[in-house]
>>> print(open('my_file-v9.pdb').read())   # PDB, C-alpha atoms, pLDDT in the B column
ATOM      1  CA  MET A 245     -43.005 -78.018 -25.730  1.00 46.00           C
ATOM      2  CA  LEU A 246     -39.986 -75.944 -24.767  1.00 42.00           C
ATOM      3  CA  ARG A 247     -41.508 -72.856 -26.357  1.00 47.00           C
ATOM      4  CA  LYS A 248     -44.461 -73.084 -23.928  1.00 47.00           C
ATOM      5  CA  PHE A 249     -42.062 -72.516 -21.041  1.00 43.00           C
ATOM      6  CA  ILE A 250     -39.751 -69.977 -22.685  1.00 45.00           C
ATOM      7  CA  LEU A 251     -42.450 -67.501 -23.710  1.00 46.00           C
ATOM      8  CA  PRO A 252     -44.037 -67.167 -20.241  1.00 46.00           C
ATOM      9  CA  ALA A 253     -40.564 -66.900 -18.735  1.00 42.00           C
ATOM     10  CA  LEU A 254     -39.652 -64.026 -21.038  1.00 44.00           C
ATOM     11  CA  VAL A 255     -42.927 -62.251 -20.325  1.00 44.00           C
ATOM     12  CA  SER A 256     -42.362 -62.676 -16.597  1.00 44.00           C
ATOM     13  CA  LEU A 257     -38.832 -61.313 -16.897  1.00 41.00           C
ATOM     14  CA  LEU A 258     -40.013 -58.253 -18.814  1.00 44.00           C
ATOM     15  CA  LEU A 259     -42.777 -57.565 -16.308  1.00 45.00           C
ATOM     16  CA  SER A 260     -40.414 -57.886 -13.366  1.00 43.00           C
ATOM     17  CA  GLY A 261     -38.047 -55.454 -15.078  1.00 45.00           C
ATOM     18  CA  ALA A 262     -40.904 -52.985 -15.504  1.00 47.00           C
ATOM     19  CA  VAL A 263     -41.710 -53.258 -11.806  1.00 51.00           C
ATOM     20  CA  LEU A 264     -38.091 -52.711 -10.810  1.00 46.00           C
ATOM     21  CA  ALA A 265     -37.610 -49.795 -13.221  1.00 54.00           C
ATOM     22  CA  GLN A 266     -37.801 -46.563 -11.256  1.00 87.00           C
ATOM     23  CA  ASP A 267     -37.639 -42.817 -11.610  1.00 94.00           C
ATOM     24  CA  THR A 268     -36.513 -40.453  -8.872  1.00 95.00           C
ATOM     25  CA  LEU A 269     -37.756 -37.065  -7.680  1.00 97.00           C
ATOM     26  CA  TYR A 270     -34.970 -34.855  -6.308  1.00 97.00           C
ATOM     27  CA  MET A 271     -36.860 -32.561  -3.941  1.00 97.00           C
ATOM     28  CA  MET A 272     -36.023 -28.945  -3.147  1.00 95.00           C
ATOM     29  CA  SER A 273     -35.575 -30.023   0.470  1.00 95.00           C
ATOM     30  CA  GLY A 274     -32.748 -32.352  -0.567  1.00 96.00           C
ATOM     31  CA  ARG A 275     -34.849 -35.444   0.017  1.00 97.00           C
ATOM     32  CA  VAL A 276     -35.015 -38.136  -2.641  1.00 96.00           C
ATOM     33  CA  VAL A 277     -38.294 -39.813  -3.595  1.00 94.00           C
ATOM     34  CA  SER A 278     -37.421 -43.005  -5.455  1.00 91.00           C
ATOM     35  CA  ASP A 279     -39.336 -46.073  -6.624  1.00 89.00           C
ATOM     36  CA  VAL A 280     -41.743 -43.977  -8.686  1.00 92.00           C
ATOM     37  CA  GLU A 281     -42.810 -43.829 -12.298  1.00 92.00           C
ATOM     38  CA  VAL A 282     -43.290 -40.263 -13.496  1.00 94.00           C
ATOM     39  CA  MET A 283     -46.250 -39.972 -15.831  1.00 91.00           C
ATOM     40  CA  ARG A 284     -46.132 -36.301 -16.768  1.00 92.00           C
ATOM     41  CA  MET A 285     -45.281 -32.799 -15.601  1.00 95.00           C
ATOM     42  CA  ASP A 286     -47.228 -29.624 -16.325  1.00 93.00           C
ATOM     43  CA  SER A 287     -46.634 -26.025 -15.299  1.00 89.00           C
ATOM     44  CA  ASN A 288     -47.739 -26.647 -11.701  1.00 92.00           C
ATOM     45  CA  TYR A 289     -47.660 -30.335 -10.843  1.00 95.00           C
ATOM     46  CA  VAL A 290     -45.783 -33.593 -11.314  1.00 96.00           C
ATOM     47  CA  TYR A 291     -47.895 -36.738 -11.619  1.00 94.00           C
ATOM     48  CA  PHE A 292     -46.356 -40.103 -10.759  1.00 93.00           C
ATOM     49  CA  LEU A 293     -47.062 -43.639  -9.634  1.00 91.00           C
ATOM     50  CA  ARG A 294     -45.472 -45.325  -6.659  1.00 87.00           C
ATOM     51  CA  GLN A 295     -44.422 -48.966  -6.979  1.00 76.00           C
ATOM     52  CA  ASN A 296     -47.372 -50.119  -4.848  1.00 72.00           C
ATOM     53  CA  GLN A 297     -49.826 -47.859  -6.632  1.00 68.00           C
ATOM     54  CA  ARG A 298     -50.980 -50.019  -9.538  1.00 65.00           C
ATOM     55  CA  THR A 299     -54.565 -50.793  -8.524  1.00 66.00           C
ATOM     56  CA  VAL A 300     -57.196 -49.971 -11.123  1.00 65.00           C
ATOM     57  CA  ASN A 301     -60.299 -48.336  -9.617  1.00 62.00           C
ATOM     58  CA  SER A 302     -63.938 -48.979 -10.503  1.00 61.00           C
ATOM     59  CA  GLN A 303     -63.700 -46.523 -13.415  1.00 64.00           C
ATOM     60  CA  GLY A 304     -60.848 -48.508 -14.918  1.00 63.00           C
ATOM     61  CA  ARG A 305     -58.255 -45.857 -13.975  1.00 71.00           C
ATOM     62  CA  ILE A 306     -55.125 -45.670 -11.864  1.00 76.00           C
ATOM     63  CA  LYS A 307     -55.065 -42.573  -9.670  1.00 81.00           C
ATOM     64  CA  PRO A 308     -51.534 -41.101  -9.580  1.00 85.00           C
ATOM     65  CA  SER A 309     -49.836 -39.256  -6.742  1.00 89.00           C
ATOM     66  CA  VAL A 310     -49.282 -35.536  -7.230  1.00 94.00           C
ATOM     67  CA  LYS A 311     -46.635 -33.141  -5.966  1.00 95.00           C
ATOM     68  CA  ARG A 312     -46.425 -29.424  -6.614  1.00 94.00           C
ATOM     69  CA  ARG A 313     -43.668 -28.624  -9.053  1.00 94.00           C
ATOM     70  CA  ILE A 314     -42.258 -25.853  -6.847  1.00 92.00           C
ATOM     71  CA  HIS A 315     -41.230 -28.537  -4.333  1.00 94.00           C
ATOM     72  CA  ILE A 316     -39.207 -30.528  -6.883  1.00 96.00           C
ATOM     73  CA  TYR A 317     -35.837 -29.593  -8.315  1.00 96.00           C
ATOM     74  CA  GLU A 318     -35.358 -32.361 -10.862  1.00 97.00           C
ATOM     75  CA  ILE A 319     -36.848 -35.569 -12.228  1.00 96.00           C
ATOM     76  CA  ARG A 320     -34.260 -38.294 -12.801  1.00 96.00           C
ATOM     77  CA  TYR A 321     -35.546 -40.993 -15.086  1.00 95.00           C
ATOM     78  CA  GLU A 322     -34.696 -44.669 -14.935  1.00 92.00           C
ATOM     79  CA  ASN A 323     -33.038 -44.528 -18.382  1.00 92.00           C
ATOM     80  CA  GLY A 324     -30.385 -42.103 -17.092  1.00 92.00           C
ATOM     81  CA  THR A 325     -31.875 -38.873 -18.446  1.00 94.00           C
ATOM     82  CA  SER A 326     -33.182 -36.023 -16.290  1.00 95.00           C
ATOM     83  CA  GLU A 327     -35.686 -33.195 -16.580  1.00 95.00           C
ATOM     84  CA  LEU A 328     -35.500 -29.911 -14.681  1.00 95.00           C
ATOM     85  CA  ALA A 329     -38.613 -29.134 -12.667  1.00 95.00           C
ATOM     86  CA  TYR A 330     -37.161 -26.086 -10.921  1.00 93.00           C
ATOM     87  CA  LEU A 331     -39.037 -22.862 -11.571  1.00 84.00           C
ATOM     88  CA  GLN A 332     -36.639 -19.962 -11.110  1.00 79.00           C
ATOM     89  CA  ASP A 333     -39.192 -17.250 -11.813  1.00 73.00           C
ATOM     90  CA  THR A 334     -41.310 -17.945  -8.710  1.00 65.00           C
ATOM     91  CA  ALA A 335     -41.364 -15.408  -5.900  1.00 65.00           C
ATOM     92  CA  ASP A 336     -39.423 -17.679  -3.530  1.00 69.00           C
ATOM     93  CA  TYR A 337     -36.673 -18.933  -5.840  1.00 69.00           C
ATOM     94  CA  TYR A 338     -34.344 -16.395  -7.430  1.00 82.00           C
ATOM     95  CA  LEU A 339     -31.253 -18.577  -7.892  1.00 89.00           C
ATOM     96  CA  ASN A 340     -30.444 -19.908 -11.336  1.00 92.00           C
ATOM     97  CA  PRO A 341     -30.642 -23.706 -11.827  1.00 93.00           C
ATOM     98  CA  ASP A 342     -26.927 -24.327 -11.209  1.00 95.00           C
ATOM     99  CA  GLN A 343     -26.921 -22.238  -8.045  1.00 94.00           C
ATOM    100  CA  MET A 344     -30.063 -23.948  -6.786  1.00 95.00           C
ATOM    101  CA  LEU A 345     -28.590 -27.380  -7.505  1.00 96.00           C
ATOM    102  CA  SER A 346     -25.684 -26.530  -5.205  1.00 97.00           C
ATOM    103  CA  TYR A 347     -28.161 -25.380  -2.546  1.00 96.00           C
ATOM    104  CA  VAL A 348     -30.245 -28.556  -2.852  1.00 97.00           C
ATOM    105  CA  ASP A 349     -27.089 -30.715  -2.767  1.00 97.00           C
ATOM    106  CA  GLY A 350     -26.177 -28.982   0.482  1.00 96.00           C
ATOM    107  CA  CYS A 351     -29.629 -29.758   1.873  1.00 96.00           C
ATOM    108  CA  HIS A 352     -29.307 -33.375   0.764  1.00 96.00           C
ATOM    109  CA  ASP A 353     -25.922 -33.867   2.401  1.00 96.00           C
ATOM    110  CA  ALA A 354     -27.047 -32.194   5.615  1.00 95.00           C
ATOM    111  CA  LEU A 355     -29.892 -34.698   5.896  1.00 95.00           C
ATOM    112  CA  SER A 356     -27.448 -37.607   5.848  1.00 92.00           C
ATOM    113  CA  LEU A 357     -24.319 -36.116   7.407  1.00 91.00           C
ATOM    114  CA  SER A 358     -25.549 -33.669  10.029  1.00 88.00           C
ATOM    115  CA  HIS A 359     -26.533 -35.321  13.307  1.00 85.00           C
ATOM    116  CA  ASP A 360     -26.927 -33.314  16.498  1.00 84.00           C
ATOM    117  CA  ARG A 361     -27.928 -35.637  19.314  1.00 87.00           C
ATOM    118  CA  LEU A 362     -27.856 -33.047  22.099  1.00 92.00           C
ATOM    119  CA  VAL A 363     -30.308 -30.316  21.071  1.00 94.00           C
ATOM    120  CA  GLY A 364     -33.433 -32.438  21.462  1.00 94.00           C
ATOM    121  CA  PRO A 365     -32.571 -34.171  24.752  1.00 95.00           C
ATOM    122  CA  VAL A 366     -31.437 -30.851  26.267  1.00 96.00           C
ATOM    123  CA  CYS A 367     -34.801 -29.300  25.347  1.00 96.00           C
ATOM    124  CA  TYR A 368     -36.559 -32.292  26.920  1.00 96.00           C
ATOM    125  CA  ALA A 369     -34.540 -31.949  30.128  1.00 96.00           C
ATOM    126  CA  ILE A 370     -35.078 -28.177  30.350  1.00 96.00           C
ATOM    127  CA  THR A 371     -38.802 -28.507  29.687  1.00 96.00           C
ATOM    128  CA  LEU A 372     -39.241 -31.259  32.252  1.00 94.00           C
ATOM    129  CA  GLY A 373     -37.110 -29.434  34.796  1.00 94.00           C
ATOM    130  CA  SER A 374     -39.154 -26.260  34.341  1.00 94.00           C
ATOM    131  CA  PHE A 375     -42.084 -27.944  36.103  1.00 93.00           C
ATOM    132  CA  LEU A 376     -40.025 -27.733  39.295  1.00 92.00           C
ATOM    133  CA  VAL A 377     -39.631 -23.954  39.186  1.00 93.00           C
ATOM    134  CA  LEU A 378     -42.495 -22.626  37.034  1.00 91.00           C
ATOM    135  CA  ASP A 379     -46.248 -22.815  37.031  1.00 91.00           C
ATOM    136  CA  PRO A 380     -47.342 -25.478  34.479  1.00 88.00           C
ATOM    137  CA  PHE A 381     -49.162 -22.771  32.517  1.00 89.00           C
ATOM    138  CA  TYR A 382     -45.854 -21.017  31.810  1.00 93.00           C
ATOM    139  CA  VAL A 383     -43.918 -24.201  31.092  1.00 94.00           C
ATOM    140  CA  VAL A 384     -45.836 -24.541  27.812  1.00 93.00           C
ATOM    141  CA  ALA A 385     -43.783 -21.650  26.425  1.00 94.00           C
ATOM    142  CA  VAL A 386     -40.416 -23.216  27.277  1.00 95.00           C
ATOM    143  CA  PRO A 387     -40.010 -25.440  24.166  1.00 94.00           C
ATOM    144  CA  ALA A 388     -41.045 -22.552  21.916  1.00 94.00           C
ATOM    145  CA  LEU A 389     -38.486 -20.225  23.523  1.00 95.00           C
ATOM    146  CA  TYR A 390     -35.776 -22.865  23.306  1.00 95.00           C
ATOM    147  CA  SER A 391     -36.520 -23.548  19.636  1.00 94.00           C
ATOM    148  CA  GLY A 392     -36.525 -19.815  18.938  1.00 94.00           C
ATOM    149  CA  VAL A 393     -33.056 -19.459  20.419  1.00 93.00           C
ATOM    150  CA  ILE A 394     -31.824 -22.399  18.310  1.00 92.00           C
ATOM    151  CA  ALA A 395     -33.250 -20.766  15.169  1.00 93.00           C
ATOM    152  CA  ILE A 396     -31.366 -17.513  15.795  1.00 94.00           C
ATOM    153  CA  PHE A 397     -27.895 -19.008  15.473  1.00 91.00           C
ATOM    154  CA  THR A 398     -26.368 -20.209  12.202  1.00 90.00           C
ATOM    155  CA  PRO A 399     -24.917 -23.726  12.592  1.00 91.00           C
ATOM    156  CA  LYS A 400     -21.233 -24.289  11.974  1.00 91.00           C
ATOM    157  CA  PHE A 401     -20.420 -25.739   8.564  1.00 92.00           C
ATOM    158  CA  PRO A 402     -18.489 -29.026   8.943  1.00 90.00           C
ATOM    159  CA  GLU A 403     -15.841 -28.704   6.236  1.00 88.00           C
ATOM    160  CA  SER A 404     -14.102 -31.932   7.209  1.00 87.00           C
ATOM    161  CA  ILE A 405     -16.995 -34.268   6.398  1.00 88.00           C
ATOM    162  CA  VAL A 406     -18.222 -32.948   3.042  1.00 90.00           C
ATOM    163  CA  ASP A 407     -16.986 -33.304  -0.532  1.00 89.00           C
ATOM    164  CA  GLU A 408     -14.841 -30.221  -1.168  1.00 90.00           C
ATOM    165  CA  SER A 409     -15.548 -30.327  -4.905  1.00 91.00           C
ATOM    166  CA  LYS A 410     -19.208 -29.470  -4.278  1.00 91.00           C
ATOM    167  CA  VAL A 411     -18.672 -26.693  -1.766  1.00 94.00           C
ATOM    168  CA  ASN A 412     -19.602 -23.128  -2.687  1.00 95.00           C
ATOM    169  CA  LYS A 413     -21.647 -20.473  -0.915  1.00 95.00           C
ATOM    170  CA  TYR A 414     -24.957 -21.908  -2.126  1.00 96.00           C
ATOM    171  CA  TYR A 415     -24.045 -25.417  -0.980  1.00 96.00           C
ATOM    172  CA  ILE A 416     -23.078 -24.022   2.432  1.00 96.00           C
ATOM    173  CA  MET A 417     -26.369 -22.112   2.659  1.00 96.00           C
ATOM    174  CA  GLY A 418     -28.363 -25.257   1.899  1.00 96.00           C
ATOM    175  CA  PHE A 419     -26.378 -27.332   4.381  1.00 96.00           C
ATOM    176  CA  GLN A 420     -26.712 -24.773   7.181  1.00 96.00           C
ATOM    177  CA  ASP A 421     -30.422 -24.109   6.546  1.00 95.00           C
ATOM    178  CA  THR A 422     -31.221 -27.814   6.671  1.00 96.00           C
ATOM    179  CA  LYS A 423     -29.036 -28.387   9.725  1.00 96.00           C
ATOM    180  CA  LYS A 424     -30.834 -25.550  11.501  1.00 95.00           C
ATOM    181  CA  ASN A 425     -34.247 -26.927  10.523  1.00 95.00           C
ATOM    182  CA  LYS A 426     -33.281 -30.339  11.863  1.00 95.00           C
ATOM    183  CA  LYS A 427     -32.246 -28.787  15.181  1.00 95.00           C
ATOM    184  CA  VAL A 428     -35.455 -26.784  15.480  1.00 95.00           C
ATOM    185  CA  LYS A 429     -37.641 -29.797  14.640  1.00 95.00           C
ATOM    186  CA  SER A 430     -35.738 -31.938  17.130  1.00 95.00           C
ATOM    187  CA  SER A 431     -36.161 -29.374  19.892  1.00 95.00           C
ATOM    188  CA  VAL A 432     -39.894 -29.037  19.155  1.00 95.00           C
ATOM    189  CA  LEU A 433     -40.479 -32.807  19.204  1.00 96.00           C
ATOM    190  CA  PHE A 434     -38.456 -33.359  22.374  1.00 96.00           C
ATOM    191  CA  GLY A 435     -40.067 -30.287  23.939  1.00 96.00           C
ATOM    192  CA  ILE A 436     -43.517 -31.735  23.318  1.00 96.00           C
ATOM    193  CA  GLY A 437     -42.295 -34.974  24.837  1.00 96.00           C
ATOM    194  CA  GLY A 438     -41.114 -33.058  27.890  1.00 96.00           C
ATOM    195  CA  LEU A 439     -44.493 -31.346  28.216  1.00 96.00           C
ATOM    196  CA  ILE A 440     -46.372 -34.637  27.988  1.00 96.00           C
ATOM    197  CA  THR A 441     -44.117 -36.252  30.581  1.00 96.00           C
ATOM    198  CA  GLY A 442     -44.222 -33.218  32.848  1.00 94.00           C
ATOM    199  CA  PHE A 443     -47.986 -32.799  32.794  1.00 94.00           C
ATOM    200  CA  GLY A 444     -48.408 -36.538  33.320  1.00 93.00           C
ATOM    201  CA  LEU A 445     -46.220 -36.447  36.409  1.00 92.00           C
ATOM    202  CA  TYR A 446     -47.852 -33.221  37.592  1.00 87.00           C
ATOM    203  CA  PHE A 447     -51.374 -34.604  37.497  1.00 90.00           C
ATOM    204  CA  LEU A 448     -50.302 -37.908  39.041  1.00 89.00           C
ATOM    205  CA  SER A 449     -48.683 -36.067  41.954  1.00 85.00           C
ATOM    206  CA  HIS A 450     -51.636 -33.732  42.503  1.00 77.00           C
TER     207      HIS A 450
END
>>> encode(input="my_file-v9.pdb", output="structure tokens")
Amino acid sequence: MLRKFILPALVSLLLSGAVLAQDTLYMMSGRVVSDVEVMRMDSNYVYFLRQNQRTVNSQGRIKPSVKRRIHIYEIRYENGTSELAYLQDTADYYLNPDQMLSYVDGCHDALSLSHDRLVGPVCYAITLGSFLVLDPFYVVAVPALYSGVIAIFTPKFPESIVDESKVNKYYIMGFQDTKKNKKVKSSVLFGIGGLITGFGLYFLSH
């Protein structure tokens, strides 16, 4: 009688472990895609399943997600091993794997450590305020000009908040590039918000 309960319990435990087991994609952008099961990698793509992607279709197949290999630095498997996906010989990537790892680590840390809460709101305020002094037709260009100015300048590297053991010129490049991208994206999003608000107020008042 006891065996009838033990066997299903063991099967359930093994299945739950399989669900919890996960691989990780370490992206070239520094982002981490976890909770996946990597199926295979070829010369161009990485095929994987997400944890909620287990439904069998009418053909009796499970359709995997696909990411281009050039966007992935490394696959980190649940068992602790890893596999390099980085393709150094592409036109865009000339750094060797160790140099690129430092760059990607810099990108990763910038995503979590770099927070500029002024760039976006300032763009919003400038864009909205431009409706007071410019024709609405010209205000459309304000967020683009503001973002362009932000993109010209290289952000300061915050030495005090990063792990010194990881810092080299490639790490700094990755950190600064990602920090700049975050600033530009923030200014674009807030600029669009300023345009929407400004045009809304303009049409309501006219």
>>> resolve_selection(input="my_file-v9.pdb", expression="the PyMOL selection byres ((chain A and resi 362-374) around 6)", output="JSON, numbers by chain")
{"A": [360, 361, 375, 376, 377, 378, 430, 431, 434, 435, 438, 442]}
>>> closest_residue(input="my_file-v9.pdb", among="A:Arg275, A:His315, A:Arg294, A:Lys426", to="A:Gln332", atoms="only C-alpha atoms")
A:His315
>>> resolve_selection(input="my_file-v9.pdb", expression="the PyMOL selection byres ((chain A and resi 288) around 8)", output="PDB file with C-alpha atoms, keeping the file's coordinate frame")
ATOM      1  CA  MET A 285     -45.281 -32.799 -15.601  1.00 95.00           C
ATOM      2  CA  ASP A 286     -47.228 -29.624 -16.325  1.00 93.00           C
ATOM      3  CA  SER A 287     -46.634 -26.025 -15.299  1.00 89.00           C
ATOM      4  CA  TYR A 289     -47.660 -30.335 -10.843  1.00 95.00           C
ATOM      5  CA  VAL A 290     -45.783 -33.593 -11.314  1.00 96.00           C
ATOM      6  CA  ARG A 312     -46.425 -29.424  -6.614  1.00 94.00           C
ATOM      7  CA  ARG A 313     -43.668 -28.624  -9.053  1.00 94.00           C
ATOM      8  CA  ILE A 314     -42.258 -25.853  -6.847  1.00 92.00           C
TER       9      ILE A 314
END
>>> residues_around(input="my_file-v9.pdb", residues="A:Ala388", least_positions_apart="4", cutoff="10 Å", atoms="only C-alpha atoms", output="PyMOL selection string")
chain A and resi 367+383-384+392-394+428+431-432+435-436
>>> closest_residue(input="my_file-v9.pdb", among="A:Tyr414, A:Phe447, A:Phe397, A:Tyr382", to="A:Asn340", atoms="all atoms listed in the file")
A:Tyr414
>>> residues_around(input="my_file-v9.pdb", residues="stretch 350-355 of chain A", least_positions_apart="2", cutoff="9 Å", atoms="all atoms listed in the file", output="count of residues only")
27
>>> resolve_selection(input="my_file-v9.pdb", expression="the PyMOL selection byres ((chain A and resi 330) around 8)", output="MDAnalysis selection string")
chainID A and resid 313:314 316:318 328:329 331:332 341
>>> closest_residue(input="my_file-v9.pdb", among="A:Lys424, A:Arg320, A:His450, A:Arg305", to="A:Ile396", atoms="only C-alpha atoms")
A:Lys424
>>> closest_residue(input="my_file-v9.pdb", among="A:Thr441, A:Ser309, A:Asn425, A:Asn412", to="A:Gln343", atoms="all atoms listed in the file")
A:Asn412
>>> closest_residue(input="my_file-v9.pdb", among="A:Ser449, A:Ser356, A:Thr325, A:Ser391", to="A:Lys429", atoms="all atoms listed in the file")
A:Ser391
>>> closest_residue(input="my_file-v9.pdb", among="A:Leu439, A:Met344, A:Tyr270, A:Asp333", to="A:Phe381", atoms="all atoms listed in the file")
A:Leu439
>>> atom_distance(input="my_file-v9.pdb", atom1="atom CA of A:Gln295", atom2="atom CA of A:Lys307")
12.7 Å
>>> atom_distance(input="my_file-v9.pdb", atom1="atom CA of A:Gln266", atom2="atom CA of A:Leu293")
9.8 Å
>>> atom_distance(input="my_file-v9.pdb", atom1="atom CA of A:Lys311", atom2="atom CA of A:Leu339")
21.3 Å
>>> axis_aligned_box(input="my_file-v9.pdb", around="stretch 420-425 of chain A", padding_each_side="6 Å", output="AutoDock Vina command-line options")
--center_x -30.5 --center_y -26.2 --center_z 9.0 --size_x 19.5 --size_y 16.3 --size_z 17.0
>>> closest_atom_pairs(input="my_file-v9.pdb", of="stretch 318-434 of chain A", to="stretch 279-284 of chain A", cutoff="9 Å", atoms="all atoms listed in the file", output="tab-separated table")
residue	atom	partner	partner_atom	distance
A:Ile319	CA	A:Val282	CA	8.1
A:Tyr321	CA	A:Val282	CA	7.9
A:Glu322	CA	A:Glu281	CA	8.6
